[in-house]
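Okay, target29.pdb is below, PDB, C-alpha atoms and all ligand atoms:
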```pdb
ATOM      1  CA  MET E   1      78.105  56.889 111.818
ATOM      2  CA  LEU E   2      76.282  57.623 115.110
ATOM      3  CA  ILE E   3      72.892  55.954 115.422
ATOM      4  CA  ASN E   4      70.420  56.377 118.263
ATOM      5  CA  ASN E   5      67.112  55.517 116.596
ATOM      6  CA  VAL E   6      66.109  51.938 115.758
ATOM      7  CA  ASN E   7      63.686  53.205 113.104
ATOM      8  CA  SER E   8      66.329  55.061 111.088
ATOM      9  CA  PRO E   9      67.629  53.875 107.690
ATOM     10  CA  GLU E  10      71.133  53.786 109.232
ATOM     11  CA  PHE E  11      69.971  51.292 111.852
ATOM     12  CA  ALA E  12      68.423  49.141 109.118
ATOM     13  CA  LEU E  13      71.754  49.176 107.272
ATOM     14  CA  VAL E  14      73.679  47.957 110.323
ATOM     15  CA  ARG E  15      71.035  45.273 110.900
ATOM     16  CA  GLN E  16      71.717  44.142 107.339
ATOM     17  CA  TRP E  17      75.465  43.945 108.080
ATOM     18  CA  ILE E  18      74.706  41.708 111.075
ATOM     19  CA  ALA E  19      72.338  39.519 109.048
ATOM     20  CA  GLU E  20      74.978  39.017 106.345
ATOM     21  CA  ALA E  21      78.028  38.534 108.597
ATOM     22  CA  GLN E  22      79.472  35.042 108.675
ATOM     23  CA  ARG E  23      81.966  35.287 111.525
ATOM     24  CA  ILE E  24      80.952  37.714 114.261
ATOM     25  CA  THR E  25      83.254  38.161 117.232
ATOM     26  CA  ALA E  26      81.570  40.005 120.078
ATOM     27  CA  ILE E  27      83.204  41.679 123.035
ATOM     28  CA  THR E  28      81.021  42.478 126.033
ATOM     29  CA  GLY E  29      81.438  44.531 129.193
ATOM     30  CA  ALA E  30      79.395  45.433 132.255
ATOM     31  CA  GLY E  31      76.731  47.247 130.214
ATOM     32  CA  ILE E  32      75.222  44.023 128.868
ATOM     33  CA  SER E  33      74.594  42.746 132.404
ATOM     34  CA  THR E  34      73.135  45.920 133.911
ATOM     35  CA  ALA E  35      69.612  44.821 132.981
ATOM     36  CA  SER E  36      70.186  41.576 134.901
ATOM     37  CA  GLY E  37      70.539  43.578 138.099
ATOM     38  CA  ILE E  38      74.228  42.874 138.688
ATOM     39  CA  PRO E  39      74.969  45.218 141.574
ATOM     40  CA  ASP E  40      77.811  47.643 141.092
ATOM     41  CA  PHE E  41      80.824  47.798 143.377
ATOM     42  CA  ARG E  42      81.514  51.451 144.142
ATOM     43  CA  GLY E  43      78.062  53.093 143.845
ATOM     44  CA  PRO E  44      76.038  54.257 146.892
ATOM     45  CA  ASN E  45      74.577  50.752 147.308
ATOM     46  CA  GLY E  46      77.619  49.018 145.864
ATOM     47  CA  LEU E  47      78.930  45.742 147.232
ATOM     48  CA  TRP E  48      82.198  47.333 148.276
ATOM     49  CA  THR E  49      80.559  50.470 149.688
ATOM     50  CA  LYS E  50      78.486  48.296 152.021
ATOM     51  CA  ASN E  51      81.360  45.931 152.778
ATOM     52  CA  PRO E  52      84.792  47.618 152.464
ATOM     53  CA  LEU E  53      86.629  44.473 153.602
ATOM     54  CA  ALA E  54      85.222  42.685 150.551
ATOM     55  CA  GLU E  55      86.975  45.269 148.364
ATOM     56  CA  LYS E  56      90.272  44.282 149.976
ATOM     57  CA  ALA E  57      89.459  40.683 148.994
ATOM     58  CA  SER E  58      89.808  41.778 145.367
ATOM     59  CA  ASN E  59      93.578  42.155 145.801
ATOM     60  CA  ILE E  60      95.453  38.850 145.653
ATOM     61  CA  ARG E  61      98.264  39.899 148.003
ATOM     62  CA  VAL E  62      95.847  40.960 150.756
ATOM     63  CA  TYR E  63      93.576  37.974 150.084
ATOM     64  CA  LEU E  64      96.399  35.498 150.624
ATOM     65  CA  LYS E  65      97.629  36.912 153.908
ATOM     66  CA  ASP E  66      94.482  38.141 155.674
ATOM     67  CA  GLU E  67      91.877  35.624 156.864
ATOM     68  CA  GLU E  68      89.488  38.390 157.948
ATOM     69  CA  VAL E  69      89.482  39.734 154.388
ATOM     70  CA  ARG E  70      88.805  36.273 152.922
ATOM     71  CA  ILE E  71      85.898  35.801 155.330
ATOM     72  CA  ALA E  72      84.427  39.161 154.234
ATOM     73  CA  GLY E  73      84.930  38.149 150.594
ATOM     74  CA  TRP E  74      83.032  34.871 151.015
ATOM     75  CA  LYS E  75      80.303  36.666 152.935
ATOM     76  CA  ALA E  76      79.889  39.144 150.052
ATOM     77  CA  SER E  77      79.935  36.243 147.565
ATOM     78  CA  SER E  78      77.110  34.475 149.355
ATOM     79  CA  ASP E  79      74.873  37.556 148.890
ATOM     80  CA  ARG E  80      71.499  36.348 147.642
ATOM     81  CA  GLN E  81      71.220  39.189 145.120
ATOM     82  CA  LEU E  82      74.356  37.981 143.327
ATOM     83  CA  ARG E  83      73.399  34.311 143.366
ATOM     84  CA  SER E  84      70.008  34.822 141.733
ATOM     85  CA  VAL E  85      70.971  36.937 138.677
ATOM     86  CA  GLU E  86      69.563  35.765 135.342
ATOM     87  CA  PRO E  87      70.608  36.476 131.739
ATOM     88  CA  ASN E  88      68.600  39.201 129.954
ATOM     89  CA  VAL E  89      67.457  39.877 126.371
ATOM     90  CA  GLY E  90      70.945  41.132 125.420
ATOM     91  CA  HIS E  91      72.559  37.811 126.385
ATOM     92  CA  HIS E  92      69.801  35.934 124.564
ATOM     93  CA  ALA E  93      70.442  37.935 121.371
ATOM     94  CA  LEU E  94      74.003  36.566 121.331
ATOM     95  CA  VAL E  95      72.683  33.029 121.833
ATOM     96  CA  GLU E  96      70.504  33.637 118.759
ATOM     97  CA  LEU E  97      73.608  34.612 116.715
ATOM     98  CA  GLU E  98      75.256  31.340 117.771
ATOM     99  CA  ARG E  99      72.118  29.353 116.920
ATOM    100  CA  ARG E 100      72.250  30.846 113.389
ATOM    101  CA  GLY E 101      75.906  29.789 113.080
ATOM    102  CA  GLN E 102      77.187  33.380 112.869
ATOM    103  CA  LEU E 103      78.987  33.706 116.191
ATOM    104  CA  HIS E 104      82.710  33.043 115.905
ATOM    105  CA  GLY E 105      83.766  34.156 119.394
ATOM    106  CA  LEU E 106      82.404  35.904 122.458
ATOM    107  CA  VAL E 107      85.047  37.731 124.433
ATOM    108  CA  THR E 108      83.796  39.055 127.757
ATOM    109  CA  GLN E 109      85.267  41.224 130.467
ATOM    110  CA  ASN E 110      82.375  40.192 132.728
ATOM    111  CA  VAL E 111      82.828  37.577 135.421
ATOM    112  CA  ASP E 112      79.107  36.954 135.963
ATOM    113  CA  GLY E 113      78.951  33.810 133.801
ATOM    114  CA  LEU E 114      75.706  34.994 132.183
ATOM    115  CA  HIS E 115      76.749  34.229 128.576
ATOM    116  CA  VAL E 116      77.208  30.540 129.341
ATOM    117  CA  GLY E 117      74.150  30.760 131.602
ATOM    118  CA  ALA E 118      72.077  32.080 128.684
ATOM    119  CA  GLY E 119      73.142  29.165 126.486
ATOM    120  CA  ASN E 120      76.261  30.215 124.554
ATOM    121  CA  SER E 121      78.766  27.363 124.205
ATOM    122  CA  ARG E 122      81.705  27.326 126.606
ATOM    123  CA  GLU E 123      84.052  26.852 123.619
ATOM    124  CA  LEU E 124      82.965  30.198 122.125
ATOM    125  CA  VAL E 125      82.966  32.219 125.353
ATOM    126  CA  HIS E 126      86.345  33.643 126.353
ATOM    127  CA  GLU E 127      86.071  34.996 129.910
ATOM    128  CA  VAL E 128      89.261  37.064 130.046
ATOM    129  CA  HIS E 129      88.776  38.097 133.674
ATOM    130  CA  GLY E 130      87.593  34.665 134.851
ATOM    131  CA  THR E 131      84.193  33.679 136.204
ATOM    132  CA  TRP E 132      82.178  33.853 139.393
ATOM    133  CA  GLN E 133      80.561  30.553 138.559
ATOM    134  CA  PHE E 134      83.518  28.525 139.825
ATOM    135  CA  THR E 135      85.966  28.535 142.693
ATOM    136  CA  ARG E 136      89.605  27.579 142.329
ATOM    137  CA  CYS E 137      92.137  26.225 144.803
ATOM    138  CA  ILE E 138      95.171  28.489 144.919
ATOM    139  CA  SER E 139      97.456  25.500 145.678
ATOM    140  CA  CYS E 140      96.323  22.589 143.477
ATOM    141  CA  ARG E 141      94.232  24.660 140.938
ATOM    142  CA  GLU E 142      91.183  22.372 141.426
ATOM    143  CA  GLN E 143      88.109  24.112 139.958
ATOM    144  CA  ARG E 144      84.676  23.539 141.554
ATOM    145  CA  PRO E 145      81.168  24.934 140.914
ATOM    146  CA  VAL E 146      80.742  28.018 143.097
ATOM    147  CA  GLU E 147      77.383  26.912 144.530
ATOM    148  CA  GLU E 148      79.074  23.910 146.158
ATOM    149  CA  THR E 149      81.461  26.217 148.029
ATOM    150  CA  LEU E 150      78.801  28.826 148.852
ATOM    151  CA  LYS E 151      76.666  26.097 150.449
ATOM    152  CA  ARG E 152      79.629  25.355 152.714
ATOM    153  CA  VAL E 153      79.805  29.082 153.554
ATOM    154  CA  ASP E 154      76.048  29.077 154.284
ATOM    155  CA  ALA E 155      76.601  26.084 156.574
ATOM    156  CA  GLY E 156      79.136  27.983 158.650
ATOM    157  CA  GLU E 157      82.567  27.522 157.013
ATOM    158  CA  ALA E 158      83.605  31.167 156.980
ATOM    159  CA  ASP E 159      86.832  30.563 154.977
ATOM    160  CA  PRO E 160      86.315  27.233 153.155
ATOM    161  CA  LYS E 161      89.417  25.270 152.141
ATOM    162  CA  CYS E 162      90.002  22.973 149.145
ATOM    163  CA  LEU E 163      88.426  19.554 149.731
ATOM    164  CA  LYS E 164      91.242  17.878 147.832
ATOM    165  CA  CYS E 165      94.389  19.433 149.342
ATOM    166  CA  GLY E 166      93.281  21.811 152.111
ATOM    167  CA  GLY E 167      94.613  24.866 150.241
ATOM    168  CA  LEU E 168      93.085  28.353 150.179
ATOM    169  CA  MET E 169      90.298  28.854 147.653
ATOM    170  CA  LYS E 170      88.971  31.891 145.808
ATOM    171  CA  ARG E 171      86.348  32.733 143.223
ATOM    172  CA  ASP E 172      87.855  31.831 139.828
ATOM    173  CA  VAL E 173      88.260  35.457 138.783
ATOM    174  CA  ILE E 174      91.403  37.442 138.107
ATOM    175  CA  LEU E 175      92.115  39.579 141.182
ATOM    176  CA  PHE E 176      94.058  42.854 141.231
ATOM    177  CA  GLY E 177      97.738  41.939 141.235
ATOM    178  CA  GLU E 178      97.175  38.736 139.253
ATOM    179  CA  ALA E 179      98.158  38.238 135.617
ATOM    180  CA  LEU E 180      95.538  37.472 132.985
ATOM    181  CA  VAL E 181      95.671  33.991 131.464
ATOM    182  CA  ASP E 182      97.789  34.307 128.284
ATOM    183  CA  GLU E 183      96.047  31.435 126.479
ATOM    184  CA  VAL E 184      92.597  33.006 126.966
ATOM    185  CA  ILE E 185      93.807  36.375 125.642
ATOM    186  CA  ALA E 186      95.513  34.713 122.664
ATOM    187  CA  VAL E 187      92.358  32.793 121.714
ATOM    188  CA  ALA E 188      90.256  35.963 122.097
ATOM    189  CA  LEU E 189      92.532  38.047 119.831
ATOM    190  CA  LYS E 190      92.662  35.238 117.276
ATOM    191  CA  ALA E 191      88.850  35.188 117.204
ATOM    192  CA  ALA E 192      88.974  38.957 116.557
ATOM    193  CA  GLU E 193      91.418  38.598 113.666
ATOM    194  CA  GLU E 194      89.308  35.867 112.026
ATOM    195  CA  ALA E 195      86.061  37.843 112.262
ATOM    196  CA  ASP E 196      84.301  39.680 109.458
ATOM    197  CA  LEU E 197      82.384  41.790 111.990
ATOM    198  CA  ILE E 198      83.287  42.934 115.498
ATOM    199  CA  LEU E 199      80.357  43.685 117.781
ATOM    200  CA  ALA E 200      81.422  45.569 120.921
ATOM    201  CA  ILE E 201      78.646  45.748 123.508
ATOM    202  CA  GLY E 202      78.405  47.555 126.830
ATOM    203  CA  SER E 203      82.100  48.146 127.327
ATOM    204  CA  SER E 204      83.921  51.461 127.572
ATOM    205  CA  LEU E 205      86.749  49.574 125.786
ATOM    206  CA  ASN E 206      89.415  51.119 127.999
ATOM    207  CA  VAL E 207      90.726  47.932 129.645
ATOM    208  CA  MET E 208      93.609  46.263 127.843
ATOM    209  CA  PRO E 209      94.359  43.750 126.511
ATOM    210  CA  ALA E 210      90.719  42.654 126.052
ATOM    211  CA  ALA E 211      89.754  45.884 124.277
ATOM    212  CA  ASN E 212      92.404  45.133 121.648
ATOM    213  CA  VAL E 213      89.769  42.891 120.062
ATOM    214  CA  VAL E 214      88.460  46.031 118.323
ATOM    215  CA  PRO E 215      91.645  47.352 116.618
ATOM    216  CA  ARG E 216      92.852  43.798 115.859
ATOM    217  CA  GLY E 217      89.592  42.953 114.129
ATOM    218  CA  LYS E 218      89.547  46.271 112.286
ATOM    219  CA  ALA E 219      93.149  45.818 111.078
ATOM    220  CA  ALA E 220      92.241  42.366 109.757
ATOM    221  CA  GLY E 221      89.405  43.834 107.710
ATOM    222  CA  ALA E 222      86.335  43.391 109.919
ATOM    223  CA  LYS E 223      83.525  45.926 110.154
ATOM    224  CA  VAL E 224      83.242  47.359 113.684
ATOM    225  CA  VAL E 225      79.879  47.983 115.348
ATOM    226  CA  ILE E 226      79.878  49.459 118.855
ATOM    227  CA  ILE E 227      76.778  49.519 121.077
ATOM    228  CA  ASN E 228      77.029  51.381 124.356
ATOM    229  CA  GLY E 229      75.244  53.792 126.655
ATOM    230  CA  GLN E 230      78.158  56.231 126.528
ATOM    231  CA  PRO E 231      81.004  57.040 124.138
ATOM    232  CA  THR E 232      83.937  54.593 124.279
ATOM    233  CA  GLU E 233      87.705  54.798 123.875
ATOM    234  CA  MET E 234      87.434  53.081 120.485
ATOM    235  CA  ASP E 235      84.704  55.043 118.716
ATOM    236  CA  HIS E 236      87.212  56.149 116.071
ATOM    237  CA  PHE E 237      87.416  52.508 114.896
ATOM    238  CA  ALA E 238      83.635  52.153 114.591
ATOM    239  CA  ASP E 239      81.889  51.821 111.235
ATOM    240  CA  ALA E 240      78.723  52.332 113.266
ATOM    241  CA  PHE E 241      78.262  53.504 116.842
ATOM    242  CA  LEU E 242      74.858  52.759 118.366
ATOM    243  CA  LEU E 243      74.194  54.941 121.387
ATOM    244  CA  GLY E 244      71.492  53.923 123.854
ATOM    245  CA  ASP E 245      69.914  51.117 125.834
ATOM    246  CA  ILE E 246      71.540  47.783 125.026
ATOM    247  CA  SER E 247      68.395  45.833 126.003
ATOM    248  CA  GLU E 248      66.535  47.713 123.288
ATOM    249  CA  LEU E 249      69.224  48.071 120.608
ATOM    250  CA  LEU E 250      70.808  44.604 120.603
ATOM    251  CA  PRO E 251      67.670  42.436 120.165
ATOM    252  CA  ALA E 252      66.472  44.823 117.415
ATOM    253  CA  LEU E 253      69.838  44.630 115.694
ATOM    254  CA  VAL E 254      69.964  40.834 115.701
ATOM    255  CA  ALA E 255      66.372  40.455 114.462
ATOM    256  CA  ILE E 256      66.211  39.160 110.892
ATOM    257  CA  PRO E 257      65.310  42.054 108.535
ATOM    258  CA  ASP E 258      61.930  41.816 106.760
TER     259      ASP E 258
HETATM  260 ZN    ZN M 301      93.600  22.147 146.387
END
```
Reformat the file's structure so that it appears as structure tokens.
Amino acid sequence: MLINNVNSPEFALVRQWIAEAQRITAITGAGISTASGIPDFRGPNGLWTKNPLAEKASNIRVYLKDEEVRIAGWKASSDRQLRSVEPNVGHHALVELERRGQLHGLVTQNVDGLHVGAGNSRELVHEVHGTWQFTRCISCREQRPVEETLKRVDAGEADPKCLKCGGLMKRDVILFGEALVDEVIAVALKAAEEADLILAIGSSLNVMPAANVVPRGKAAGAKVVIINGQPTEMDHFADAFLLGDISELLPALVAIPD
């Protein structure tokens, strides 16, 4: 069922499914954060287009051996535009589902930290690709709030080292060449299998294993609702596919029916 009109009877039906669901597991991708002004990486004004060395910082092997690349990475990280992003109405709609006791899990491919920033509980949010909101020491694994490290960068430490052991640090995200964290993936897939409704939002659902949330939930009997600006790899699993602007569709979908 393809739906692109919030005033249609089909949309009302899906809204009813959401209102009646008891264990919703959501999976989100970049599309939910677009309205927050998260800059893209490879577009004309993308972070990596403007700063190609920062793209190299996204590969763990290069990051470890090349100080110049790390310095470019920290410089890109300290970009004001990235540090001031705020959650938008889409994130807040998922906070509302948690407030009503309906949210069972929130699996995200995003590293922007905006779900926790909006008010979803850390225990429910499974950040499968890590988070920008912390740094981690590569040697002793110490995790610190990112702002603490970025203030050191602002103050002139171009390649800040761990305050505890002197090791190299990085944003606490999974870089190219690094394995995902098995425990986080396992918890995310378990949340999918325990759900009675899977809500996939703003993801093209082509990155495994996170996208497996959809078929795993479906196989365990959940309804699948996909909301995206474009078709996805998993539309054939969808009981309903809502095509359009997430900032418009998601708040309307989560609103309690009259
Ligand atoms: Zn350390």
Expected answer as a ChimeraX atom specification: residues within 8 Å of ligand ZN 301 (chain M), all atoms listed in the file
/E:136-142,161-169
Å distance separating atom CA of Ile256 of chain E from atom CA of Ser36 of chain E, one decimal place:
24.5 Å
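Closest approach to Gly130 of chain E among E:Gln102, E:Asn110, E:Asn4, E:Thr149: E:Asn110, based on only C-alpha atoms.
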Could you pull the residues within 12 Å of Asp235 of chain E, counting all atoms listed in the file, minus those fewer than 4 positions along the same chain, as a list of chain:residue names?
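With the cut-off at 12 Å, the set is E:Met1, E:Leu2, E:Ala200, E:Ser203, E:Ser204, E:Leu205, E:Asn206, E:Ala211, E:Val214, E:Pro215, E:Lys218, E:Val224, E:Val225, E:Ile226, E:Ile227, E:Asn228, E:Gln230, E:Pro231, E:Asp239, E:Ala240, E:Phe241, E:Leu242, E:Leu243.
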Suppose you want the space between atom CA of Val14 of chain E and atom CA of Ala238 of chain E; what is it in Å?
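Computing the Euclidean distance for atom CA of Val14 of chain E and atom CA of Ala238 of chain E yields 11.6 Å.
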